[in-house]
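Data file: target-v8.cif. Format and content: mmCIF, C-alpha atoms.
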data_coords
#
loop_
_atom_site.label_atom_id
_atom_site.label_comp_id
_atom_site.auth_asym_id
_atom_site.auth_seq_id
_atom_site.Cartn_x
_atom_site.Cartn_y
_atom_site.Cartn_z
CA MET E 130 8.03 -28.68 19.36
CA ALA E 131 9.88 -25.54 18.25
CA SER E 132 13.65 -25.71 18.55
CA PRO E 133 15.03 -23.78 21.56
CA ASP E 134 17.69 -22.38 19.24
CA PRO E 135 16.05 -21.21 16.01
CA ILE E 136 18.27 -20.40 13.06
CA VAL E 137 19.00 -16.66 12.97
CA LEU E 138 18.82 -15.19 9.47
CA PRO E 139 20.67 -12.02 8.50
CA VAL E 140 19.04 -8.82 7.25
CA ALA E 141 20.24 -6.83 4.24
CA THR E 142 18.68 -3.39 3.82
CA ILE E 143 19.31 -0.83 1.11
CA ASP E 144 18.35 2.77 0.47
CA PRO E 145 14.80 2.39 -0.95
CA THR E 146 15.56 5.17 -3.45
CA PHE E 147 18.50 3.28 -5.00
CA PRO E 148 16.67 2.44 -8.27
CA SER E 149 15.99 6.16 -8.79
CA VAL E 150 19.63 6.96 -7.98
CA ILE E 151 20.83 4.53 -10.64
CA GLU E 152 18.19 5.80 -13.12
CA ASP E 153 19.31 9.42 -12.58
CA VAL E 154 22.94 8.51 -13.23
CA PHE E 155 22.06 6.41 -16.29
CA SER E 156 19.94 9.20 -17.81
CA GLY E 157 22.66 11.81 -17.25
CA ALA E 158 20.59 13.83 -14.78
CA VAL E 159 23.56 13.68 -12.38
CA PRO E 160 27.16 12.53 -13.00
CA SER E 161 27.22 10.42 -9.83
CA GLU E 162 25.20 9.83 -6.69
CA LYS E 163 25.49 7.88 -3.46
CA PHE E 164 23.22 5.50 -1.58
CA TRP E 165 23.60 3.23 1.44
CA ILE E 166 23.44 -0.46 2.36
CA SER E 167 23.24 -1.92 5.87
CA CYS E 168 23.43 -5.54 7.03
CA TYR E 169 22.42 -6.89 10.42
CA LYS E 170 22.40 -10.14 12.33
CA ALA E 171 21.41 -10.74 15.94
CA SER E 172 24.41 -10.79 18.35
CA HIS E 173 26.76 -9.50 15.63
CA PRO E 174 28.07 -5.99 14.91
CA SER E 175 26.14 -4.39 12.06
CA VAL E 176 27.87 -3.53 8.79
CA HIS E 177 27.17 -0.31 6.90
CA ALA E 178 28.39 0.82 3.50
CA LYS E 179 28.21 3.84 1.26
CA ILE E 180 27.91 3.16 -2.48
CA GLN E 181 28.65 5.53 -5.35
CA ALA E 182 26.92 5.07 -8.70
CA GLU E 183 28.41 6.60 -11.85
CA LEU E 184 28.60 5.89 -15.58
CA ASP E 185 31.39 3.62 -16.75
CA ALA E 186 34.28 5.55 -18.28
CA ARG E 187 34.14 3.53 -21.50
CA ASP E 188 30.65 2.06 -21.73
CA ARG E 189 28.27 4.99 -21.27
CA ASP E 190 25.30 2.59 -21.17
CA LEU E 191 26.63 0.97 -18.01
CA VAL E 192 26.22 2.27 -14.45
CA VAL E 193 28.98 1.01 -12.18
CA THR E 194 28.74 0.93 -8.40
CA THR E 195 31.75 1.42 -6.14
CA ILE E 196 31.98 0.69 -2.40
CA LEU E 197 33.29 3.88 -0.80
CA GLU E 198 33.27 2.52 2.73
CA GLY E 199 32.04 -0.64 4.44
CA ASP E 200 32.90 -4.35 4.24
CA LEU E 201 30.34 -5.70 1.79
CA THR E 202 29.82 -6.08 -1.96
CA LEU E 203 27.10 -5.13 -4.43
CA ASP E 204 26.91 -7.04 -7.70
CA ARG E 205 24.54 -6.89 -10.64
CA ALA E 206 23.28 -10.20 -12.03
CA THR E 207 22.77 -10.78 -15.75
CA ASP E 208 18.98 -10.41 -15.32
CA GLY E 209 19.41 -6.95 -13.78
CA LYS E 210 18.95 -7.81 -10.11
CA TYR E 211 21.28 -6.22 -7.58
CA LEU E 212 22.84 -8.68 -5.11
CA VAL E 213 24.21 -7.79 -1.67
CA SER E 214 26.92 -9.87 0.02
CA CYS E 215 28.40 -9.50 3.48
CA GLU E 216 30.72 -12.35 4.40
CA SER E 217 31.02 -11.48 8.09
CA LEU E 218 27.24 -11.77 8.61
CA GLY E 219 26.55 -14.66 6.27
CA VAL E 220 24.77 -12.59 3.59
CA SER E 221 25.50 -14.39 0.32
CA LYS E 222 24.51 -12.63 -2.91
CA THR E 223 21.00 -11.81 -1.72
CA PRO E 224 18.78 -10.03 -4.27
CA VAL E 225 17.38 -6.68 -3.09
CA LEU E 226 14.17 -6.32 -5.09
CA PRO E 227 12.51 -2.92 -5.52
CA PRO E 228 8.74 -2.91 -6.07
CA SER E 229 7.44 -2.70 -9.62
CA GLN E 230 4.46 -0.61 -8.49
CA GLU E 231 3.41 1.55 -5.56
CA TYR E 232 -0.22 2.64 -5.10
CA PHE E 233 -0.97 5.83 -3.14
CA ASP E 234 -4.45 6.95 -2.14
CA VAL E 235 -4.74 10.71 -2.55
CA GLU E 236 -6.36 11.06 0.89
CA ARG E 237 -5.02 8.17 2.95
CA SER E 238 -1.34 7.93 1.88
CA ASN E 239 -0.13 11.28 3.22
CA SER E 240 3.55 10.69 4.02
CA GLN E 241 3.38 12.98 7.06
CA ARG E 242 0.24 11.44 8.55
CA PRO E 243 -0.56 8.17 6.79
CA GLN E 244 -3.77 6.39 7.76
CA ARG E 245 -2.40 2.90 8.15
CA ILE E 246 -3.83 -0.02 6.26
CA THR E 247 -5.04 -2.68 8.69
CA ALA E 248 -6.46 -5.18 6.17
CA PHE E 249 -5.74 -5.95 2.52
CA ASP E 250 -6.55 -8.41 -0.25
CA ILE E 251 -5.99 -8.72 -3.99
CA SER E 252 -8.71 -10.36 -6.06
CA PRO E 253 -8.13 -13.88 -7.44
CA ASP E 254 -7.99 -12.49 -11.00
CA SER E 255 -5.64 -9.65 -9.89
CA SER E 256 -7.96 -7.04 -11.40
CA ARG E 257 -8.65 -5.16 -8.16
CA PHE E 258 -7.57 -4.81 -4.56
CA ALA E 259 -9.16 -3.69 -1.32
CA THR E 260 -7.75 -1.90 1.73
CA GLY E 261 -9.23 -1.54 5.21
CA PHE E 262 -8.47 1.11 7.81
CA LEU E 263 -8.64 1.87 11.53
CA ASP E 264 -11.88 3.80 11.17
CA GLY E 265 -13.67 0.79 9.66
CA THR E 266 -13.68 2.06 6.08
CA VAL E 267 -12.88 -0.17 3.11
CA PHE E 268 -11.58 1.13 -0.23
CA LEU E 269 -11.68 -0.71 -3.56
CA TYR E 270 -9.33 0.05 -6.48
CA SER E 271 -8.51 -1.39 -9.89
CA THR E 272 -4.97 -2.61 -10.56
CA THR E 273 -2.79 -1.23 -13.34
CA PRO E 274 -0.61 -3.37 -15.66
CA SER E 275 3.02 -2.94 -14.72
CA SER E 276 4.98 -0.74 -17.13
CA SER E 277 8.17 -0.08 -15.19
CA SER E 278 11.49 -1.70 -16.01
CA LYS E 279 11.99 -4.98 -14.21
CA PHE E 280 14.31 -3.69 -11.50
CA GLY E 281 14.04 0.07 -12.06
CA PRO E 282 12.14 2.73 -10.11
CA ALA E 283 8.62 1.70 -9.09
CA GLN E 284 5.68 2.84 -11.15
CA GLN E 285 3.94 5.43 -8.93
CA ILE E 286 0.14 5.16 -9.14
CA THR E 287 -2.38 7.49 -7.50
CA PRO E 288 -5.89 6.32 -8.49
CA ALA E 289 -8.34 9.14 -9.17
CA ILE E 290 -11.05 9.37 -6.52
CA PRO E 291 -13.90 8.69 -9.00
CA THR E 292 -12.29 5.35 -9.89
CA ARG E 293 -12.43 3.92 -6.38
CA GLY E 294 -15.19 2.33 -4.34
CA VAL E 295 -15.70 3.24 -0.68
CA ALA E 296 -17.65 1.57 2.12
CA ARG E 297 -17.77 1.86 5.89
CA PRO E 298 -19.06 -1.55 6.95
CA HIS E 299 -17.50 -1.45 10.44
CA GLN E 300 -17.69 0.88 13.42
CA SER E 301 -14.02 0.27 14.26
CA THR E 302 -10.91 -1.28 12.71
CA ALA E 303 -11.28 -3.42 9.60
CA THR E 304 -9.30 -6.52 10.59
CA HIS E 305 -9.56 -8.82 7.58
CA LEU E 306 -10.52 -8.67 3.89
CA GLN E 307 -11.04 -11.52 1.43
CA PHE E 308 -12.42 -11.62 -2.10
CA PHE E 309 -14.83 -14.35 -3.10
CA PRO E 310 -13.71 -16.64 -5.98
CA SER E 311 -15.62 -14.51 -8.52
CA SER E 312 -13.45 -11.45 -7.66
CA ARG E 313 -16.71 -9.43 -7.69
CA VAL E 314 -17.69 -9.82 -4.04
CA LEU E 315 -15.69 -8.96 -0.91
CA LEU E 316 -15.90 -10.28 2.66
CA SER E 317 -14.82 -7.87 5.40
CA ALA E 318 -14.34 -8.47 9.12
CA GLY E 319 -13.88 -5.99 11.90
CA ALA E 320 -12.98 -5.26 15.49
CA ASP E 321 -16.68 -4.45 15.95
CA PHE E 322 -17.31 -8.24 16.02
CA ALA E 323 -19.09 -8.16 12.62
CA LEU E 324 -18.62 -9.60 9.13
CA CYS E 325 -19.99 -7.93 6.00
CA VAL E 326 -20.46 -9.01 2.40
CA LEU E 327 -19.76 -6.12 0.01
CA PRO E 328 -20.12 -5.76 -3.76
CA ALA E 329 -16.71 -5.41 -5.39
CA ASP E 330 -17.75 -3.97 -8.74
CA LEU E 331 -15.48 -1.16 -9.85
CA PRO E 332 -16.92 2.24 -10.81
CA ASP E 333 -17.73 2.73 -14.51
CA THR E 334 -15.34 5.40 -15.77
CA SER E 335 -15.89 4.74 -19.47
CA SER E 336 -17.22 8.28 -19.91
CA GLY E 337 -14.12 9.72 -18.29
CA PRO E 338 -13.39 10.62 -14.66
CA GLU E 339 -14.97 13.67 -13.13
CA ALA E 340 -13.10 16.27 -11.13
CA PRO E 341 -11.64 14.57 -8.04
CA SER E 342 -13.71 14.94 -4.89
CA THR E 343 -14.69 12.65 -2.06
CA ALA E 344 -18.32 12.79 -3.21
CA ASN E 345 -17.36 11.18 -6.51
CA SER E 346 -16.22 7.93 -4.91
CA THR E 347 -18.68 5.11 -5.55
CA ARG E 348 -20.39 4.06 -2.32
CA LEU E 349 -20.46 0.32 -1.66
CA LEU E 350 -23.33 -0.80 0.54
CA PRO E 351 -23.14 -4.11 2.46
CA ALA E 352 -25.34 -6.84 1.01
CA ARG E 353 -25.15 -8.86 4.24
CA THR E 354 -24.02 -8.14 7.81
CA MET E 355 -23.38 -11.02 10.21
CA ARG E 356 -23.03 -10.65 13.95
CA GLY E 357 -22.41 -13.29 16.59
CA HIS E 358 -18.83 -12.96 17.83
CA THR E 359 -18.23 -11.21 21.14
CA ARG E 360 -14.65 -10.06 20.42
CA PRO E 361 -12.84 -8.78 17.30
CA VAL E 362 -12.82 -11.07 14.26
CA THR E 363 -9.26 -12.12 13.34
CA ALA E 364 -9.52 -14.22 10.17
CA THR E 365 -11.95 -15.48 7.56
CA ALA E 366 -12.14 -18.15 4.87
CA ILE E 367 -14.59 -18.72 2.05
CA LEU E 368 -15.90 -22.25 1.61
CA GLY E 369 -16.62 -23.61 -1.85
CA PRO E 370 -18.23 -21.13 -4.26
CA GLY E 371 -19.10 -18.80 -1.39
CA ARG E 372 -22.47 -19.76 0.07
CA ASN E 373 -20.67 -20.39 3.38
CA VAL E 374 -17.82 -18.56 5.06
CA LEU E 375 -16.02 -19.10 8.34
CA SER E 376 -14.55 -16.70 10.84
CA THR E 377 -12.31 -16.84 13.90
CA SER E 378 -12.20 -14.41 16.77
CA LEU E 379 -10.47 -13.31 19.93
CA ASP E 380 -13.52 -14.72 21.70
CA GLY E 381 -11.97 -18.17 21.17
CA THR E 382 -14.51 -19.49 18.70
CA LEU E 383 -14.71 -20.50 15.06
CA LYS E 384 -18.05 -19.87 13.35
CA VAL E 385 -19.43 -21.07 10.01
CA TRP E 386 -21.94 -18.73 8.41
CA ASP E 387 -24.72 -19.28 5.90
CA ILE E 388 -24.55 -16.19 3.68
CA PRO E 389 -28.15 -16.14 2.33
CA SER E 390 -29.65 -16.22 5.84
CA SER E 391 -26.79 -14.37 7.60
CA THR E 392 -26.91 -16.97 10.38
CA ALA E 393 -24.18 -19.02 12.02
CA LEU E 394 -23.98 -22.72 12.77
CA PRO E 395 -23.06 -23.65 16.37
CA SER E 396 -19.59 -22.36 17.28
CA VAL E 397 -16.50 -24.54 17.58
CA PRO E 398 -14.42 -23.47 20.62
CA SER E 399 -10.64 -23.38 20.81
CA GLN E 400 -8.68 -25.18 23.52
CA SER E 401 -9.51 -23.49 26.85
CA THR E 402 -11.37 -20.89 24.76
CA GLN E 403 -8.06 -19.22 23.94
CA PRO E 404 -8.19 -16.25 21.56
CA ILE E 405 -7.71 -17.40 17.97
CA LEU E 406 -5.20 -15.01 16.35
CA SER E 407 -5.02 -16.48 12.84
CA ALA E 408 -6.49 -19.20 10.63
CA THR E 409 -6.04 -20.94 7.29
CA LEU E 410 -7.82 -23.81 5.57
CA ALA E 411 -6.23 -27.23 6.12
CA SER E 412 -8.46 -29.25 3.78
CA VAL E 413 -11.57 -28.50 1.76
CA ALA E 414 -14.71 -30.50 1.09
CA SER E 415 -14.76 -32.57 -2.09
CA ASP E 416 -18.47 -31.86 -2.58
CA PRO E 417 -19.13 -28.14 -3.18
CA GLN E 418 -22.77 -28.69 -2.21
CA SER E 419 -21.65 -29.73 1.30
CA PRO E 420 -18.74 -27.36 1.99
CA VAL E 421 -18.63 -28.11 5.71
CA ASP E 422 -18.23 -31.89 5.40
CA GLY E 423 -14.55 -32.73 5.02
CA THR E 424 -13.33 -29.19 5.70
CA THR E 425 -10.71 -28.65 8.38
CA VAL E 426 -9.08 -25.44 9.53
CA PHE E 427 -5.80 -24.61 11.23
CA GLY E 428 -6.20 -21.96 13.95
CA GLY E 429 -3.31 -20.13 15.59
CA LEU E 430 -3.84 -19.69 19.34
CA GLN E 431 -2.62 -17.13 21.84
CA ASP E 432 -0.14 -19.54 23.47
CA GLY E 433 1.58 -20.14 20.10
CA SER E 434 0.06 -23.56 19.47
CA VAL E 435 -2.00 -24.53 16.42
CA GLN E 436 -5.35 -26.27 16.67
CA LEU E 437 -6.98 -28.28 13.88
CA PHE E 438 -10.73 -27.63 13.73
CA ASP E 439 -13.00 -30.24 12.12
CA LEU E 440 -16.11 -28.44 10.88
CA ARG E 441 -18.18 -31.59 10.48
CA ALA E 442 -17.36 -32.99 13.95
CA ARG E 443 -17.41 -29.48 15.45
CA ASN E 444 -14.34 -30.08 17.53
CA GLY E 445 -10.66 -29.24 17.58
CA VAL E 446 -7.43 -31.03 18.35
CA VAL E 447 -4.19 -29.26 19.27
CA GLN E 448 -1.60 -30.18 16.63
CA THR E 449 1.51 -28.28 17.73
CA PRO E 450 2.86 -27.39 21.17
CA ALA E 451 3.02 -23.85 22.50
CA THR E 452 6.08 -21.78 21.56
CA THR E 453 7.28 -20.78 25.01
CA GLY E 454 8.67 -17.26 25.07
CA TYR E 455 7.70 -16.40 21.50
CA GLY E 456 4.11 -15.23 21.94
CA GLY E 457 0.99 -16.15 20.05
CA ALA E 458 0.57 -17.69 16.59
CA SER E 459 -0.17 -14.43 14.77
CA ALA E 460 0.13 -15.70 11.18
CA LEU E 461 -0.40 -19.00 9.35
CA ALA E 462 0.19 -20.18 5.78
CA HIS E 463 -0.50 -23.65 4.37
CA SER E 464 1.12 -25.26 1.34
CA THR E 465 -1.10 -28.15 0.30
CA ALA E 466 1.33 -29.23 -2.42
CA GLN E 467 4.29 -29.51 -0.05
CA HIS E 468 2.35 -30.60 3.07
CA LEU E 469 3.78 -27.67 4.99
CA LEU E 470 2.34 -25.31 7.56
CA SER E 471 4.20 -22.14 8.49
CA VAL E 472 3.45 -20.48 11.82
CA GLY E 473 4.58 -16.93 12.60
CA SER E 474 4.62 -15.60 16.15
CA THR E 475 4.01 -12.23 17.75
CA LYS E 476 7.69 -12.16 18.77
CA GLY E 477 9.24 -12.94 15.39
CA LEU E 478 9.62 -16.73 15.31
CA VAL E 479 8.70 -18.71 12.18
CA CYS E 480 8.13 -22.46 12.56
CA ILE E 481 7.70 -24.84 9.62
CA TYR E 482 5.75 -28.07 10.19
CA ASP E 483 5.13 -31.11 8.03
CA THR E 484 1.34 -31.44 8.25
CA ARG E 485 1.66 -35.24 8.23
CA ALA E 486 3.66 -35.19 11.50
CA MET E 487 3.14 -32.00 13.45
CA SER E 488 4.46 -32.90 16.87
CA LYS E 489 7.83 -31.29 16.04
CA ALA E 490 8.82 -28.43 13.75
CA VAL E 491 10.89 -29.27 10.67
CA THR E 492 12.79 -26.03 11.17
CA THR E 493 12.49 -22.69 12.95
CA PHE E 494 14.03 -19.32 12.18
CA LYS E 495 13.86 -15.64 13.06
CA ARG E 496 15.52 -12.32 12.17
CA GLY E 497 16.70 -9.37 14.21
CA GLU E 498 17.11 -8.91 17.95
CA GLY E 499 14.00 -6.92 18.81
CA GLY E 500 11.51 -9.73 18.29
CA ALA E 501 9.44 -7.85 15.69
CA GLY E 502 6.21 -9.78 15.26
CA VAL E 503 5.33 -11.76 12.17
CA GLU E 504 2.24 -10.08 10.71
CA ASP E 505 1.50 -12.31 7.72
CA LEU E 506 2.87 -15.24 5.71
CA ALA E 507 2.35 -16.58 2.18
CA PHE E 508 3.89 -19.57 0.38
CA LEU E 509 5.38 -19.46 -3.12
CA ASP E 510 5.05 -23.03 -4.35
CA GLY E 511 7.25 -24.22 -7.22
CA ASP E 512 10.38 -26.26 -7.82
CA GLU E 513 11.63 -24.62 -4.65
CA THR E 514 9.31 -23.81 -1.76
CA ARG E 515 9.66 -20.23 -0.59
CA LEU E 516 7.82 -18.24 2.04
CA VAL E 517 7.01 -14.52 2.03
CA VAL E 518 7.28 -13.03 5.52
CA ALA E 519 5.71 -9.70 6.53
CA SER E 520 6.90 -8.31 9.84
CA ALA E 521 6.33 -5.40 12.18
CA ASP E 522 9.85 -4.06 11.56
CA GLY E 523 8.87 -3.12 8.00
CA LEU E 524 11.47 -5.43 6.40
CA PRO E 525 9.54 -8.04 4.38
CA TYR E 526 11.51 -10.82 2.74
CA VAL E 527 11.27 -14.12 0.91
CA ALA E 528 12.76 -17.13 2.71
CA ASN E 529 13.96 -20.35 1.11
CA VAL E 530 12.29 -23.26 2.90
CA LEU E 531 12.80 -26.35 0.72
CA PRO E 532 14.86 -28.11 -0.45
CA ASP E 533 17.65 -25.88 0.95
CA GLY E 534 16.79 -23.65 3.86
CA PRO E 535 15.99 -21.75 5.80
CA SER E 536 17.79 -18.83 4.20
CA VAL E 537 16.93 -15.43 2.78
CA ALA E 538 16.03 -15.79 -0.90
CA SER E 539 15.46 -12.06 -1.47
CA GLU E 540 14.80 -8.82 0.38
CA LEU E 541 11.65 -6.89 -0.60
CA VAL E 542 12.66 -3.24 -0.42
CA GLY E 543 10.66 -0.05 -0.88
CA GLY E 544 9.29 0.83 2.53
CA ASP E 545 10.92 2.83 5.29
CA CYS E 546 10.60 0.51 8.30
CA ASP E 547 6.83 0.98 8.65
CA PRO E 548 5.18 -2.28 9.74
CA VAL E 549 3.93 -4.47 6.91
CA ARG E 550 0.57 -5.96 7.95
CA SER E 551 -0.48 -8.07 4.94
CA VAL E 552 1.09 -9.99 2.06
CA ARG E 553 -0.61 -11.77 -0.82
CA VAL E 554 0.81 -13.72 -3.77
CA ARG E 555 -0.65 -14.28 -7.23
CA ASN E 556 0.66 -16.17 -10.26
CA ALA E 557 2.28 -14.03 -12.95
CA GLU E 558 3.61 -14.83 -16.40
CA GLY E 559 6.75 -16.84 -17.06
CA GLY E 560 6.65 -18.89 -13.89
CA THR E 561 6.98 -15.81 -11.69
CA TRP E 562 4.86 -14.47 -8.85
CA ASP E 563 3.43 -11.10 -7.96
CA VAL E 564 3.86 -10.35 -4.27
CA TRP E 565 1.60 -7.62 -2.88
CA SER E 566 1.88 -5.90 0.51
CA ALA E 567 0.21 -3.19 2.56
CA GLY E 568 0.89 -1.68 5.96
CA ASP E 569 1.26 1.33 8.18
CA ASP E 570 2.59 3.75 5.55
CA ALA E 571 -0.73 3.36 3.64
CA VAL E 572 1.09 2.33 0.44
CA VAL E 573 0.26 -0.83 -1.50
CA ARG E 574 3.34 -2.35 -3.13
CA ARG E 575 3.78 -4.99 -5.82
CA TRP E 576 6.94 -7.00 -6.55
CA ARG E 577 7.69 -9.47 -9.30
CA VAL E 578 9.48 -12.48 -7.75
#

Would it be possible to restate this file's structure as structure tokens?
Amino acid sequence: MASPDPIVLPVATIDPTFPSVIEDVFSGAVPSEKFWISCYKASHPSVHAKIQAELDARDRDLVVTTILEGDLTLDRATDGKYLVSCESLGVSKTPVLPPSQEYFDVERSNSQRPQRITAFDISPDSSRFATGFLDGTVFLYSTTPSSSSKFGPAQQITPAIPTRGVARPHQSTATHLQFFPSSRVLLSAGADFALCVLPADLPDTSSGPEAPSTANSTRLLPARTMRGHTRPVTATAILGPGRNVLSTSLDGTLKVWDIPSSTALPSVPSQSTQPILSATLASVASDPQSPVDGTTVFGGLQDGSVQLFDLRARNGVVQTPATTGYGGASALAHSTAQHLLSVGSTKGLVCIYDTRAMSKAVTTFKRGEGGAGVEDLAFLDGDETRLVVASADGLPYVANVLPDGPSVASELVGGDCDPVRSVRVRNAEGGTWDVWSAGDDAVVRRWRV
């Protein structure tokens, strides 16, 4: 059961333009410039500071930062990260990480009227990503190798229209996107109750891009469309090499689909046919030729509980109790290596369970006072287990979970309080991770963590 008194984590926010401020001072474009930092914690007075950046009087290759007002500190680590501390709120040398890249669509990312991204995924090989929108369209783009300095201003990327793929597989909101293991096929789900299989081949621009126009976008036509749910689809998973996929829905059912025939096996209902808000694989079949046998799925229900679905037995057992007062289980992430399940709620609570004993949470935590919902979660598995949290307040962060936690490991800065709907993680070089996000400002961001 979730603790009645979850641990409250502090929030450290910083002017998202601060890397550009420091870059301008370093390059000599301006002699000095100011930016802000704010720290918050529920039931505590907030702390605000104004920072001035200027070149060191002796070492002209060094930008020094001075606190002009406010009771906090800003330090620079030897690896270039900037660390915020605020003793009164329990913020202890927390890295504030700017994105290494920001992707803007020339049509959809208008800062005055952005068309918010409602679904997102990055391919397993990190070569491409897909975004879904309220009008049911799906866009496909190639990724660009990062060329920005590690903690400097983000590399701003606006893909040319001829280099993107476009589909409209749904009549209303695209709710979920997932690449198949090959990275060349994409599964989309929508609020129109349908699932579609789309080609994810990128346009051939070897002969050079043509003049930008909407007509030059490559049209992606669905290879398969599957219908059977009676409410919006909320999550998907691909089983084995991809002959079968599963889906969950607000209609309270889990379905397994045979892709070649576009048909579904008999549905598995949730407890009391509650809407299923989220899902993640719990275990996978050992035999790829029989992907259903041995596969189990965690499903997050509307009352905040988590149900374990057994695809072979076609039944489900409730594993965790409801989180009274914290809303539904809107996001799930599973760490197989650490035997951990994280559950995010529509009112901002994060619960961590040991999957070997799920009757009681190992720990629970939240941030802020407004109860901003948890939109998505993703584990970073390594020597230390960390969790990326995307929230409706637009302040994504990385939390330490094990062995010491919960605590804020780093703040992911760059946005301007627009809700972050999706996060994905991929391995990068040197034991690091790429964290990707997308949300209501229609910008796709990438951090190196």

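Separating CA of Arg441 in chain E from CA of Ser401 in chain E is a distance of 20.2 Å.
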
**OP:** Run the PyMOL selection byres ((chain E and resi 409) around 8) against the file shown and list the residues it catches, as a ChimeraX atom specification.
**Re:** /E:366,407-408,410-411,426-428,461-463

Original post:
What does the distance from CA of Pro253 in chain E to CA of Val552 in chain E come to in Å, to one decimal?
Top reply: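 Distance between the two atoms: 13.8 Å.
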
Subject >> Long-range neighbours of Ile251 in chain E as a PyMOL selection string, 12 Å cut-off, only C-alpha atoms, 5 positions minimum in chain >> reply: chain E and resi 256-260+268-272+306-310+312-315+329+551-556+563-567+573-575

Original post:
Mind telling me what the PyMOL selection byres ((chain E and resi 396) around 7) catches here, as an MDAnalysis selection string?
Top reply: chainID E and resid 382:384 394:395 397:398
